[in-house]
Every structure is written in C-alpha cells, then in structure tokens.
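Just target_20.tsv here, TSV, C-alpha atoms:
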```
chain	number	residue	atom	x	y	z
A	23	MET	CA	1.75	127.31	97.11
A	24	SER	CA	0.18	125.85	93.96
A	25	PRO	CA	-3.42	124.57	93.92
A	26	ARG	CA	-1.95	121.14	94.78
A	27	GLY	CA	-0.38	122.65	97.88
A	28	ARG	CA	3.12	122.52	96.45
A	29	ARG	CA	5.66	125.24	95.81
A	30	PRO	CA	6.22	125.77	92.06
A	31	ALA	CA	9.57	125.81	90.30
A	32	GLY	CA	11.14	129.23	90.23
A	33	SER	CA	9.58	130.42	93.45
A	34	PRO	CA	12.38	132.17	95.31
A	35	ASP	CA	11.56	130.15	98.40
A	36	THR	CA	11.57	126.76	96.71
A	37	ARG	CA	15.31	126.13	96.77
A	38	GLU	CA	15.58	127.29	100.38
A	39	ALA	CA	12.61	125.14	101.40
A	40	ILE	CA	14.29	122.09	99.90
A	41	LEU	CA	17.56	122.89	101.67
A	42	ALA	CA	15.82	123.34	105.02
A	43	ALA	CA	13.92	120.06	104.66
A	44	ALA	CA	17.10	118.29	103.57
A	45	ARG	CA	19.08	119.63	106.52
A	46	THR	CA	16.49	118.25	108.94
A	47	ALA	CA	16.18	114.91	107.14
A	48	PHE	CA	19.92	114.28	106.85
A	49	ALA	CA	20.41	115.08	110.54
A	50	ARG	CA	17.52	112.82	111.53
A	51	ASP	CA	17.99	109.86	109.19
A	52	GLY	CA	21.57	110.11	107.99
A	53	TYR	CA	22.88	110.30	104.45
A	54	GLN	CA	20.50	107.73	102.98
A	55	THR	CA	17.36	109.66	103.91
A	56	SER	CA	14.52	109.60	101.36
A	57	LEU	CA	14.72	112.31	98.70
A	58	ARG	CA	10.96	111.89	98.14
A	59	GLY	CA	10.47	112.55	101.84
A	60	ILE	CA	12.51	115.74	101.54
A	61	ALA	CA	10.33	116.87	98.62
A	62	ARG	CA	7.22	116.11	100.64
A	63	ASP	CA	8.49	117.96	103.71
A	64	ALA	CA	9.39	120.94	101.53
A	65	GLY	CA	6.03	120.91	99.78
A	66	VAL	CA	7.52	120.53	96.30
A	67	ASP	CA	7.31	118.04	93.47
A	68	PRO	CA	10.14	115.44	93.74
A	69	ALA	CA	11.31	116.45	90.26
A	70	LEU	CA	12.15	119.89	91.64
A	71	VAL	CA	14.65	118.42	94.07
A	72	HIS	CA	16.55	117.03	91.08
A	73	HIS	CA	16.08	120.30	89.20
A	74	TYR	CA	17.98	122.24	91.85
A	75	PHE	CA	20.34	119.50	93.06
A	76	PRO	CA	21.47	116.98	90.44
A	77	ASP	CA	22.34	114.24	92.93
A	78	ARG	CA	22.24	113.29	96.58
A	79	ALA	CA	25.86	114.26	97.15
A	80	THR	CA	25.30	117.81	95.91
A	81	LEU	CA	22.20	118.22	98.07
A	82	PHE	CA	24.08	116.93	101.10
A	83	ALA	CA	26.98	119.26	100.39
A	84	LYS	CA	24.76	122.32	100.04
A	85	ALA	CA	22.34	121.49	102.87
A	86	VAL	CA	24.72	120.09	105.46
A	87	ILE	CA	28.37	120.83	104.71
A	88	GLU	CA	28.07	124.35	103.31
A	89	SER	CA	25.27	125.49	105.59
A	90	THR	CA	27.06	124.09	108.60
A	91	ALA	CA	30.41	125.59	107.69
A	92	GLY	CA	28.94	128.99	106.88
A	93	ILE	CA	28.01	131.13	103.94
A	94	ASP	CA	31.51	131.36	102.50
A	95	ALA	CA	32.02	127.63	102.24
A	96	ASN	CA	31.19	127.35	98.52
A	97	LEU	CA	33.04	124.11	97.90
A	98	THR	CA	32.79	124.12	94.13
A	99	HIS	CA	34.34	127.57	94.03
A	100	ARG	CA	37.14	126.52	96.37
A	101	ALA	CA	37.80	123.42	94.27
A	102	ALA	CA	38.00	125.54	91.12
A	103	GLY	CA	40.61	127.73	92.78
A	104	ILE	CA	42.77	124.70	93.43
A	105	THR	CA	42.80	123.68	89.76
A	106	GLU	CA	44.49	127.01	88.98
A	107	LEU	CA	47.55	126.13	91.07
A	108	GLU	CA	50.82	124.92	89.63
A	109	PRO	CA	51.17	121.13	89.94
A	110	GLU	CA	53.93	121.42	92.53
A	111	GLN	CA	51.56	123.47	94.72
A	112	LEU	CA	48.72	120.95	94.67
A	113	GLY	CA	49.41	119.09	97.92
A	114	GLU	CA	49.95	122.25	99.92
A	115	GLY	CA	46.97	123.92	98.25
A	116	ILE	CA	44.56	121.14	99.19
A	117	VAL	CA	45.70	121.08	102.83
A	118	ARG	CA	45.59	124.89	103.04
A	119	ALA	CA	42.06	125.03	101.59
A	120	VAL	CA	40.69	122.40	103.98
A	121	ILE	CA	42.37	123.79	107.10
A	122	SER	CA	41.39	127.38	106.39
A	123	LEU	CA	37.76	126.47	105.73
A	124	TRP	CA	37.25	124.50	108.92
A	125	ASP	CA	39.46	126.57	111.18
A	126	GLU	CA	37.26	129.49	110.17
A	127	ALA	CA	34.01	127.54	110.45
A	128	GLY	CA	34.93	126.05	113.82
A	129	ALA	CA	35.72	122.62	115.20
A	130	ASP	CA	32.17	122.08	116.43
A	131	ARG	CA	30.84	122.59	112.92
A	132	PHE	CA	33.26	120.06	111.45
A	133	THR	CA	32.19	117.63	114.16
A	134	ALA	CA	28.54	118.30	113.32
A	135	VAL	CA	29.17	117.42	109.68
A	136	ILE	CA	30.91	114.20	110.68
A	137	HIS	CA	27.96	113.25	112.85
A	138	ALA	CA	25.46	114.05	110.10
A	139	ALA	CA	27.50	111.99	107.66
A	140	LEU	CA	27.82	109.01	109.99
A	141	GLY	CA	24.11	109.21	110.87
A	142	GLN	CA	22.57	106.76	113.28
A	143	GLY	CA	24.76	103.78	112.49
A	144	GLY	CA	23.65	103.28	108.91
A	145	ARG	CA	26.13	102.91	106.08
A	146	VAL	CA	26.78	106.33	104.70
A	147	GLU	CA	28.80	107.46	101.74
A	148	PRO	CA	28.83	111.25	101.57
A	149	PHE	CA	32.60	111.33	101.79
A	150	ARG	CA	32.95	108.90	98.95
A	151	ASP	CA	30.28	110.55	96.80
A	152	PHE	CA	31.08	114.13	97.47
A	153	ILE	CA	34.60	114.53	98.74
A	154	ALA	CA	36.35	111.84	96.76
A	155	ILE	CA	34.25	111.80	93.60
A	156	GLY	CA	32.58	115.21	93.54
A	157	VAL	CA	35.40	117.49	94.66
A	158	LEU	CA	38.72	115.69	94.70
A	159	SER	CA	38.43	113.46	91.66
A	160	PRO	CA	37.99	116.36	89.19
A	161	ILE	CA	40.95	118.15	90.75
A	162	VAL	CA	43.16	115.10	90.58
A	163	THR	CA	41.99	114.26	87.06
A	164	HIS	CA	42.89	117.81	86.02
A	165	PHE	CA	46.46	117.32	87.21
A	166	CYS	CA	47.02	113.65	86.72
A	167	PRO	CA	45.05	111.36	84.40
A	168	ASP	CA	46.77	108.24	85.76
A	169	ARG	CA	44.43	106.42	88.18
A	170	PRO	CA	42.74	109.62	89.40
A	171	GLN	CA	40.07	107.85	91.47
A	172	LEU	CA	42.55	105.80	93.47
A	173	ARG	CA	44.66	108.93	93.98
A	174	ALA	CA	41.62	110.99	95.02
A	175	GLN	CA	40.56	108.37	97.55
A	176	LEU	CA	44.04	108.13	99.05
A	177	ILE	CA	44.07	111.93	99.36
A	178	ALA	CA	40.59	111.88	100.89
A	179	SER	CA	41.70	109.31	103.47
A	180	GLN	CA	44.50	111.60	104.70
A	181	ILE	CA	42.37	114.75	104.63
A	182	ILE	CA	39.45	113.19	106.54
A	183	GLY	CA	41.85	111.66	109.06
A	184	LEU	CA	43.57	115.01	109.52
A	185	GLY	CA	40.21	116.67	110.15
A	186	LEU	CA	39.25	114.04	112.71
A	187	ALA	CA	42.59	114.39	114.47
A	188	ARG	CA	42.44	118.21	114.57
A	189	TRP	CA	38.76	119.01	115.11
A	190	VAL	CA	37.06	115.90	116.54
A	191	ALA	CA	39.65	113.97	118.56
A	192	ARG	CA	41.56	117.22	119.16
A	193	MET	CA	44.93	115.50	119.28
A	194	ASP	CA	47.00	118.17	120.97
A	195	HIS	CA	50.05	118.25	118.70
A	196	ILE	CA	47.93	118.51	115.56
A	197	ALA	CA	45.20	120.74	116.99
A	198	SER	CA	47.65	123.36	118.22
A	199	LEU	CA	49.61	123.86	114.99
A	200	ASP	CA	48.81	126.77	112.73
A	201	ALA	CA	47.59	126.13	109.22
A	202	GLU	CA	50.93	126.68	107.49
A	203	ALA	CA	52.66	124.20	109.79
A	204	LEU	CA	50.14	121.53	108.79
A	205	VAL	CA	50.56	122.52	105.15
A	206	ALA	CA	54.28	121.83	105.50
A	207	LEU	CA	53.80	118.55	107.35
A	208	VAL	CA	50.95	116.98	105.38
A	209	GLY	CA	51.27	118.67	101.96
A	210	PRO	CA	54.04	116.28	100.84
A	211	THR	CA	51.79	113.28	101.59
A	212	ILE	CA	49.08	114.67	99.32
A	213	GLN	CA	51.67	115.54	96.70
A	214	ARG	CA	52.93	111.95	96.70
A	215	TYR	CA	49.44	110.49	96.37
A	216	ALA	CA	48.73	112.87	93.48
A	217	PHE	CA	51.92	112.58	91.44
A	218	ASP	CA	54.30	109.81	92.47
A	219	ASP	CA	54.47	106.56	90.60
A	220	LEU	CA	52.23	104.36	92.70
A	221	PRO	CA	52.99	100.70	93.19
A	222	ASP	CA	51.33	98.58	90.55
A	223	VAL	CA	48.39	97.34	92.59
A	224	ALA	CA	45.43	95.51	91.16
A	225	ASN	CA	42.49	97.62	90.06
A	226	PRO	CA	39.20	97.10	91.86
A	227	ALA	CA	36.93	94.50	90.40
B	236	MET	CA	28.78	89.24	146.18
B	237	SER	CA	30.20	90.69	149.39
B	238	PRO	CA	27.96	91.57	152.33
B	239	ARG	CA	27.79	95.08	150.88
B	240	GLY	CA	26.38	93.63	147.67
B	241	ARG	CA	29.56	94.18	145.73
B	242	ARG	CA	31.82	91.76	143.91
B	243	PRO	CA	35.20	91.45	145.65
B	244	ALA	CA	38.58	91.82	144.00
B	245	GLY	CA	39.89	88.58	142.61
B	246	SER	CA	36.49	87.10	141.91
B	247	PRO	CA	36.83	85.54	138.48
B	248	ASP	CA	33.68	87.35	137.40
B	249	THR	CA	34.73	90.79	138.55
B	250	ARG	CA	36.82	91.77	135.56
B	251	GLU	CA	34.20	90.48	133.13
B	252	ALA	CA	31.43	92.29	135.02
B	253	ILE	CA	33.35	95.57	134.72
B	254	LEU	CA	33.92	94.98	131.00
B	255	ALA	CA	30.25	94.23	130.38
B	256	ALA	CA	29.11	97.32	132.27
B	257	ALA	CA	31.69	99.45	130.47
B	258	ARG	CA	30.61	98.17	127.06
B	259	THR	CA	27.03	99.19	127.77
B	260	ALA	CA	27.96	102.55	129.27
B	261	PHE	CA	30.34	103.57	126.45
B	262	ALA	CA	27.76	102.64	123.82
B	263	ARG	CA	25.04	104.56	125.67
B	264	ASP	CA	26.92	107.65	126.84
B	265	GLY	CA	30.03	107.83	124.68
B	266	TYR	CA	33.65	107.91	125.72
B	267	GLN	CA	33.18	110.31	128.65
B	268	THR	CA	30.77	108.04	130.50
B	269	SER	CA	31.15	107.94	134.29
B	270	LEU	CA	33.65	105.37	135.60
B	271	ARG	CA	31.83	105.45	138.95
B	272	GLY	CA	28.64	104.59	137.10
B	273	ILE	CA	30.39	101.63	135.48
B	274	ALA	CA	31.54	100.42	138.91
B	275	ARG	CA	28.01	100.78	140.26
B	276	ASP	CA	26.48	98.93	137.31
B	277	ALA	CA	29.05	96.15	137.73
B	278	GLY	CA	28.46	95.92	141.48
B	279	VAL	CA	32.09	96.61	142.37
B	280	ASP	CA	34.00	99.20	144.35
B	281	PRO	CA	35.20	102.02	142.07
B	282	ALA	CA	38.79	101.30	143.13
B	283	LEU	CA	38.50	97.91	141.47
B	284	VAL	CA	37.90	99.50	138.10
B	285	HIS	CA	41.27	101.19	138.44
B	286	HIS	CA	42.81	97.98	139.75
B	287	TYR	CA	41.98	96.13	136.55
B	288	PHE	CA	42.16	99.03	134.09
B	289	PRO	CA	44.68	101.75	134.87
B	290	ASP	CA	42.94	104.45	132.83
B	291	ARG	CA	39.87	105.23	130.77
B	292	ALA	CA	41.64	104.60	127.49
B	293	THR	CA	42.63	101.07	128.48
B	294	LEU	CA	39.11	100.27	129.68
B	295	PHE	CA	37.67	101.60	126.41
B	296	ALA	CA	40.17	99.59	124.40
B	297	LYS	CA	39.42	96.35	126.23
B	298	ALA	CA	35.65	96.81	126.52
B	299	VAL	CA	34.85	98.32	123.14
B	300	ILE	CA	37.68	97.97	120.62
B	301	GLU	CA	38.96	94.50	121.52
B	302	SER	CA	35.59	93.00	122.35
B	303	THR	CA	34.11	94.42	119.16
B	304	ALA	CA	36.97	93.30	116.98
B	305	GLY	CA	37.03	89.82	118.46
B	306	ILE	CA	39.04	87.75	120.88
B	307	ASP	CA	42.28	87.89	118.92
B	308	ALA	CA	42.47	91.68	118.88
B	309	ASN	CA	44.91	92.04	121.78
B	310	LEU	CA	46.19	95.47	120.85
B	311	THR	CA	49.05	95.60	123.33
B	312	HIS	CA	50.39	92.33	121.98
B	313	ARG	CA	50.09	93.54	118.39
B	314	ALA	CA	51.85	96.79	119.29
B	315	ALA	CA	54.69	94.85	120.93
B	316	GLY	CA	55.11	92.86	117.72
B	317	ILE	CA	55.62	96.05	115.76
B	318	THR	CA	58.47	97.22	118.02
B	319	GLU	CA	60.40	94.12	116.96
B	320	LEU	CA	60.48	95.19	113.31
B	321	GLU	CA	63.46	96.77	111.61
B	322	PRO	CA	63.06	100.56	111.32
B	323	GLU	CA	62.68	100.41	107.56
B	324	GLN	CA	59.72	98.05	108.03
B	325	LEU	CA	57.81	100.27	110.45
B	326	GLY	CA	55.45	102.04	108.03
B	327	GLU	CA	54.49	98.87	106.26
B	328	GLY	CA	54.21	97.00	109.54
B	329	ILE	CA	51.76	99.48	111.02
B	330	VAL	CA	49.54	99.47	107.94
B	331	ARG	CA	49.66	95.68	107.72
B	332	ALA	CA	48.72	95.27	111.40
B	333	VAL	CA	45.75	97.64	111.17
B	334	ILE	CA	44.40	96.27	107.89
B	335	SER	CA	44.73	92.64	108.93
B	336	LEU	CA	43.00	93.23	112.27
B	337	TRP	CA	39.94	94.98	110.84
B	338	ASP	CA	39.67	93.03	107.62
B	339	GLU	CA	39.45	89.98	109.84
B	340	ALA	CA	37.10	91.59	112.35
B	341	GLY	CA	34.82	92.99	109.67
B	342	ALA	CA	33.85	96.43	108.37
B	343	ASP	CA	30.71	96.55	110.50
B	344	ARG	CA	32.77	96.09	113.65
B	345	PHE	CA	35.14	98.90	112.72
B	346	THR	CA	32.11	101.08	112.07
B	347	ALA	CA	30.66	100.12	115.45
B	348	VAL	CA	33.86	101.22	117.18
B	349	ILE	CA	33.79	104.55	115.34
B	350	HIS	CA	30.22	105.10	116.45
B	351	ALA	CA	30.99	104.19	120.05
B	352	ALA	CA	33.96	106.55	120.00
B	353	LEU	CA	32.02	109.43	118.49
B	354	GLY	CA	29.12	108.82	120.89
B	355	GLN	CA	26.06	111.01	120.82
B	356	GLY	CA	27.72	114.21	119.67
B	357	GLY	CA	29.87	114.79	122.72
B	358	ARG	CA	33.56	115.52	122.47
B	359	VAL	CA	35.37	112.24	122.61
B	360	GLU	CA	39.03	111.45	122.71
B	361	PRO	CA	39.55	107.67	122.60
B	362	PHE	CA	41.62	107.95	119.46
B	363	ARG	CA	43.86	110.54	121.03
B	364	ASP	CA	44.14	108.74	124.36
B	365	PHE	CA	44.45	105.23	123.15
B	366	ILE	CA	45.55	105.10	119.56
B	367	ALA	CA	47.93	108.06	119.49
B	368	ILE	CA	49.19	108.05	123.07
B	369	GLY	CA	48.54	104.50	124.26
B	370	VAL	CA	49.57	102.45	121.25
B	371	LEU	CA	51.35	104.55	118.65
B	372	SER	CA	53.38	106.89	120.83
B	373	PRO	CA	55.36	104.08	122.54
B	374	ILE	CA	56.04	102.51	119.15
B	375	VAL	CA	57.22	105.76	117.64
B	376	THR	CA	59.24	106.65	120.73
B	377	HIS	CA	60.93	103.26	120.46
B	378	PHE	CA	62.07	104.02	116.93
B	379	CYS	CA	62.46	107.76	116.95
B	380	PRO	CA	62.89	109.94	120.02
B	381	ASP	CA	62.56	113.15	117.98
B	382	ARG	CA	59.06	114.63	118.46
B	383	PRO	CA	57.38	111.22	118.94
B	384	GLN	CA	53.98	112.64	119.89
B	385	LEU	CA	53.67	114.81	116.81
B	386	ARG	CA	54.81	111.87	114.67
B	387	ALA	CA	52.36	109.50	116.38
B	388	GLN	CA	49.46	111.88	115.82
B	389	LEU	CA	50.32	112.37	112.16
B	390	ILE	CA	50.46	108.58	111.76
B	391	ALA	CA	47.15	108.24	113.63
B	392	SER	CA	45.52	110.77	111.30
B	393	GLN	CA	46.43	108.70	108.22
B	394	ILE	CA	45.51	105.38	109.81
B	395	ILE	CA	42.11	106.56	111.07
B	396	GLY	CA	41.38	108.19	107.71
B	397	LEU	CA	42.36	105.00	105.89
B	398	GLY	CA	40.01	103.01	108.12
B	399	LEU	CA	37.14	105.40	107.47
B	400	ALA	CA	37.78	105.28	103.73
B	401	ARG	CA	37.96	101.47	103.60
B	402	TRP	CA	35.42	100.30	106.17
B	403	VAL	CA	32.97	103.16	106.81
B	404	ALA	CA	32.72	105.22	103.62
B	405	ARG	CA	33.71	102.15	101.58
B	406	MET	CA	35.46	104.18	98.92
B	407	ASP	CA	35.58	101.64	96.12
B	408	HIS	CA	39.22	101.95	95.04
B	409	ILE	CA	40.48	101.65	98.62
B	410	ALA	CA	37.92	99.11	99.84
B	411	SER	CA	38.65	96.67	97.02
B	412	LEU	CA	42.43	96.52	97.37
B	413	ASP	CA	44.03	93.65	99.22
B	414	ALA	CA	46.05	94.32	102.34
B	415	GLU	CA	49.47	94.18	100.68
B	416	ALA	CA	48.43	96.71	98.06
B	417	LEU	CA	47.47	99.17	100.79
B	418	VAL	CA	50.71	98.39	102.60
B	419	ALA	CA	52.60	99.42	99.45
B	420	LEU	CA	50.51	102.56	98.88
B	421	VAL	CA	50.24	103.93	102.43
B	422	GLY	CA	53.31	102.44	104.14
B	423	PRO	CA	55.62	105.13	102.72
B	424	THR	CA	53.40	107.87	104.20
B	425	ILE	CA	53.74	106.33	107.66
B	426	GLN	CA	57.45	105.84	107.13
B	427	ARG	CA	57.86	109.53	106.29
B	428	TYR	CA	55.90	110.66	109.34
B	429	ALA	CA	58.00	108.38	111.54
B	430	PHE	CA	61.50	109.07	110.25
B	431	ASP	CA	61.85	111.99	107.85
B	432	ASP	CA	63.14	115.33	108.99
B	433	LEU	CA	59.91	117.17	109.62
B	434	PRO	CA	59.63	120.89	108.88
B	435	ASP	CA	60.54	122.97	111.90
B	436	VAL	CA	57.05	123.84	113.07
B	437	ALA	CA	56.25	125.41	116.40
B	438	ASN	CA	55.59	123.05	119.28
B	439	PRO	CA	52.15	123.16	120.87
B	440	ALA	CA	51.71	125.60	123.71
```

Hey, can you dump this file as structure tokens for me?
Amino acid sequence: MSPRGRRPAGSPDTREAILAAARTAFARDGYQTSLRGIARDAGVDPALVHHYFPDRATLFAKAVIESTAGIDANLTHRAAGITELEPEQLGEGIVRAVISLWDEAGADRFTAVIHAALGQGGRVEPFRDFIAIGVLSPIVTHFCPDRPQLRAQLIASQIIGLGLARWVARMDHIASLDAEALVALVGPTIQRYAFDDLPDVANPA
Amino acid sequence: MSPRGRRPAGSPDTREAILAAARTAFARDGYQTSLRGIARDAGVDPALVHHYFPDRATLFAKAVIESTAGIDANLTHRAAGITELEPEQLGEGIVRAVISLWDEAGADRFTAVIHAALGQGGRVEPFRDFIAIGVLSPIVTHFCPDRPQLRAQLIASQIIGLGLARWVARMDHIASLDAEALVALVGPTIQRYAFDDLPDVANPA
C-alpha cells in the first residue's frame, strides 16, 4: 500500500486486486457497476483500472467470463486463432470454438456468466460490447468488410441462443449432441451471416 | 370461498386468482416454484390448478409471458396462425410473429420475461418446455415430420438469441432494424432448420 493507502501501479497484486473487486461488483450490481467503486474496493487509483483494462467490456471479460470459464479461456487468443482459418471454415470454426470452451468450462459456469451479464434486472450490454464488438466484429471485419457489425450481431444472436439452449435451458436434443454435430448443424448459419449477400436492409439511424 | 376457505371450481375469480398467485410465485422463486404453493396462495384445491392449466409450461405462459406481453399475446392462437402458412413462408412467418409480438409489447417486457424465466440462478426450463415443445414443436411437426424436436430446438435457439440481441442486449444494428428487415435476414435461417436435409448427427440418448 502507498502512503495514501492505495496499491501503486506495477505492484504484482494490483491487477489481481482489481479483478477480484470487479468480479464481486459485477456479480452484485450487474454490468453497469461503478468502475470508481471497483477502484475504491481494490484500493487503487481509478486511473489504474483504465491502465490495466482499457474499457468496461475488457474488464468484464477478464473478471467474469474468463475467470468463470477457467484459466484457459483467453478469449483474445481464441479469437486470433479463428482469424487464421480459411474463409470457408469460419462458420464451423466459430461454433467449434464456443462449444469447446463452454463444454470444457461447464454448463453451470456458462449459466453463471449469463446471470452476471443480466444482473438484477438492469439493462446490460456485455454481449453487445464484448462479444459482438470486441470479439466477433474484428473477426468478421477480417473476413468480410461488407457490413461487418450487422453480420457480427447476427452471428452473436445465433451463438448466444445456442448457448442458452444447450447450457441454460438444456434443451435435450441440442444439449445431448457432441460438438462436431453442432458444428455441422449451426456452422452453415454462421457462414451465411458472414458471407452471403444479405438483403438490402436499411442501416441503423 | 367454500366452507373450507377455498375457491370452488367454476367461480369466475378462480382462474384469475391462480394466475395472480402464479405470477407472484414465478417472479419470486423462478420457473420451478411449487404448484401446490400457488394453489395455497390462490386459496384453491391443487387439482384446480391442473384443471385450468394442464402443465407447468402452460401456466407459466399464461401467467408470465402472456400477461407480461399484454392481452393480445395469445400464443396458442398465434401458433395456430402459423400452421396455416405455406411451407415456404414458415421461416419468415415465425420471425414476423415473434418480432411483431415483442416490438408491440415492448423491450422491457421481453426482458422481464427473460428474468422471470432465468429466476434466481436456479435451473429453469420454460423455454424448453413451452417455446420448443409447447409452441414450436407442433408447428414444425405439422410441416416436417423428420426430426421435429431437433428442428424446433434449433429454431428456438435462433429466436431466443435474436430476442436477446434486439430487446435485452440492444445490439444497435439488430435493434434498429424494422421487423421486415429482420424477417428477410433471419427467416432463411429458420427455413433451413425447418426443411433442409440436416447432417446425419446422432440422436440424443
């Protein structure tokens, strides 16, 4: 602790202290919890939160999604692996990556992330911020510059729904299939959202 | 009230009393709340709950989904309308029905249903019981006898994910589109899940 009672930058414990405080705060208050409150709980200057985690979505991903899923969940690393696929493998690759992560982590952990994201009834946007914009949008942009955000959000809608069906609602015909069966069933949907000519719909205002 | 302090069958208030008690109990305890407790709270014999509502999924649908969405939400009626479509209209018809219902009801009401369904962290299956089995499976069986339950659950996964993207996470590119644009974008996914030859994956155990 510094003379002001705060952990300094560079202390090996500082990043972990922020993550621990964030995990508690997100679970208690939902996604829109106060970042200043997290800094206070961790005993660090608020600027240090931004030093280690550039935005709320990244902090949520590291504190809640990755820590809940387990130590091998490094989402940025997994996303980078997907950009190395051939374009025709993209849909299957995305489904395979998601299913393998959460089958390994466990259904209860996926459910815990959903609950943390939905919070106590507040309006929460971790899926939009992190999944659609932070992870999927760069992947889709890499493969397809045409309307990448719309494509990423369509893909996110199917992936989140698949996760809810398999790990939260435990719909029996989806929950009992092995990963490669789901890759074969749902991969073509993702492939279409990523690459097909989409109907000429109006852009958002 | 009867001499035993319970409302008799056929009393005009009985059905409404059960619905009111169920609404409170589902919101408080989640989908697995006690049906006997609902009967007790409503002041009716437990057999009357089953008389008016044949199963938990129907009671949840009437008490939570329809009452939250509004008086015009009659899901059984809407589902019957879809079975009258031509097969090539099925995917678009399902998307149109879902979007029009919840755009009219309001995003906050969809979010409220999601929260009631997910409850306080327990394992909850209203989507499986009601959406996939109660509503979608009969529709899909009507059009396609080949593996209707798997097809219904794949459709449910995309529809629930679309709802989360549009009304809960409010992903901007999906939330800002009008209903017919989403019908054009997502209808073909539903159509494929309903009618295409699906890969020959193992059936659930």

* Residues of chain B within 6 Å of chain A, using only C-alpha atoms, as a PyMOL selection string? -> chain B and resi 360+363+385+392-393+395-397+400+404+406+408+411+416+436+439

* **Interatomic distance, CA of Asp35 (chain A) to CA of Arg100 (chain A) (Å, one decimal)** => 25.9 Å

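Compared by their closest atoms to Ala277 (chain B), and using all atoms listed in the file, the residues B:Thr303, B:Ser335, B:Thr376, B:Thr249 rank with B:Thr249 nearest.
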
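Reported to one decimal place, the separation of CA of Gly341 (chain B) from CA of Ala314 (chain B) is 19.9 Å.
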
* Quick one: pull the distance between CA of Phe261 (chain B) and CA of Ala47 (chain A), Å, one decimal. =>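 These two atoms are separated by 26.5 Å.
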
* Counting only C-alpha atoms, which of A:Arg131, A:Arg37, A:Arg45, A:Arg118 gets nearest to Ala83 (chain A)? -> A:Arg45

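Residues lying at most 6 Å from (43.6, 100.0, 128.4) in file coordinates, with only C-alpha atoms considered, are Phe288, Ala292, Thr293, Leu294, Ala296 and Lys297 of chain B.
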
Coordinate excerpt as a CSV table (one decimal), in the first residue's frame: region 77-84 of chain A, all heavy atoms:
```csv
chain,number,residue,atom,x,y,z
A,77,ASP,N,-11.3,-0.8,-21.3
A,77,ASP,CA,-12.7,-0.4,-21.2
A,77,ASP,C,-13.5,-1.4,-20.4
A,77,ASP,O,-13.0,-2.5,-20.0
A,77,ASP,CB,-13.3,-0.3,-22.7
A,77,ASP,CG,-13.0,-1.6,-23.5
A,77,ASP,OD1,-13.1,-2.7,-22.9
A,77,ASP,OD2,-12.6,-1.4,-24.6
A,78,ARG,N,-14.7,-1.1,-20.1
A,78,ARG,CA,-15.6,-1.9,-19.3
A,78,ARG,C,-15.7,-3.3,-19.8
A,78,ARG,O,-15.7,-4.3,-19.0
A,78,ARG,CB,-17.0,-1.2,-19.2
A,78,ARG,CG,-18.0,-2.0,-18.3
A,78,ARG,CD,-19.3,-1.2,-18.4
A,78,ARG,NE,-19.2,0.1,-17.8
A,78,ARG,CZ,-19.4,0.4,-16.5
A,78,ARG,NH1,-19.7,-0.6,-15.7
A,78,ARG,NH2,-19.2,1.6,-16.1
A,79,ALA,N,-15.9,-3.4,-21.1
A,79,ALA,CA,-16.1,-4.7,-21.7
A,79,ALA,C,-14.9,-5.7,-21.5
A,79,ALA,O,-15.0,-6.8,-21.2
A,79,ALA,CB,-16.3,-4.6,-23.2
A,80,THR,N,-13.7,-5.1,-21.6
A,80,THR,CA,-12.5,-5.9,-21.3
A,80,THR,C,-12.4,-6.3,-19.9
A,80,THR,O,-12.1,-7.5,-19.6
A,80,THR,CB,-11.2,-5.1,-21.7
A,80,THR,OG1,-11.3,-4.8,-23.1
A,80,THR,CG2,-10.0,-6.0,-21.5
A,81,LEU,N,-12.7,-5.4,-19.0
A,81,LEU,CA,-12.7,-5.8,-17.6
A,81,LEU,C,-13.7,-6.9,-17.2
A,81,LEU,O,-13.4,-7.8,-16.5
A,81,LEU,CB,-12.9,-4.5,-16.7
A,81,LEU,CG,-12.9,-4.7,-15.2
A,81,LEU,CD1,-11.6,-5.3,-14.7
A,81,LEU,CD2,-13.2,-3.4,-14.5
A,82,PHE,N,-14.9,-6.7,-17.8
A,82,PHE,CA,-15.9,-7.7,-17.6
A,82,PHE,C,-15.5,-9.1,-18.2
A,82,PHE,O,-15.6,-10.1,-17.5
A,82,PHE,CB,-17.2,-7.3,-18.3
A,82,PHE,CG,-18.4,-8.3,-18.1
A,82,PHE,CD1,-19.1,-8.2,-16.9
A,82,PHE,CD2,-18.6,-9.3,-19.0
A,82,PHE,CE1,-20.2,-9.2,-16.7
A,82,PHE,CE2,-19.7,-10.2,-18.8
A,82,PHE,CZ,-20.4,-10.1,-17.7
A,83,ALA,N,-14.9,-9.0,-19.3
A,83,ALA,CA,-14.4,-10.3,-19.9
A,83,ALA,C,-13.4,-11.0,-19.1
A,83,ALA,O,-13.5,-12.2,-18.9
A,83,ALA,CB,-13.9,-10.0,-21.3
A,84,LYS,N,-12.4,-10.2,-18.6
A,84,LYS,CA,-11.3,-10.8,-17.8
A,84,LYS,C,-11.8,-11.2,-16.5
A,84,LYS,O,-11.5,-12.3,-16.0
A,84,LYS,CB,-10.2,-9.8,-17.7
A,84,LYS,CG,-9.5,-9.5,-18.9
A,84,LYS,CD,-8.6,-10.6,-19.4
A,84,LYS,CE,-7.9,-10.3,-20.7
A,84,LYS,NZ,-7.2,-11.5,-21.3
```
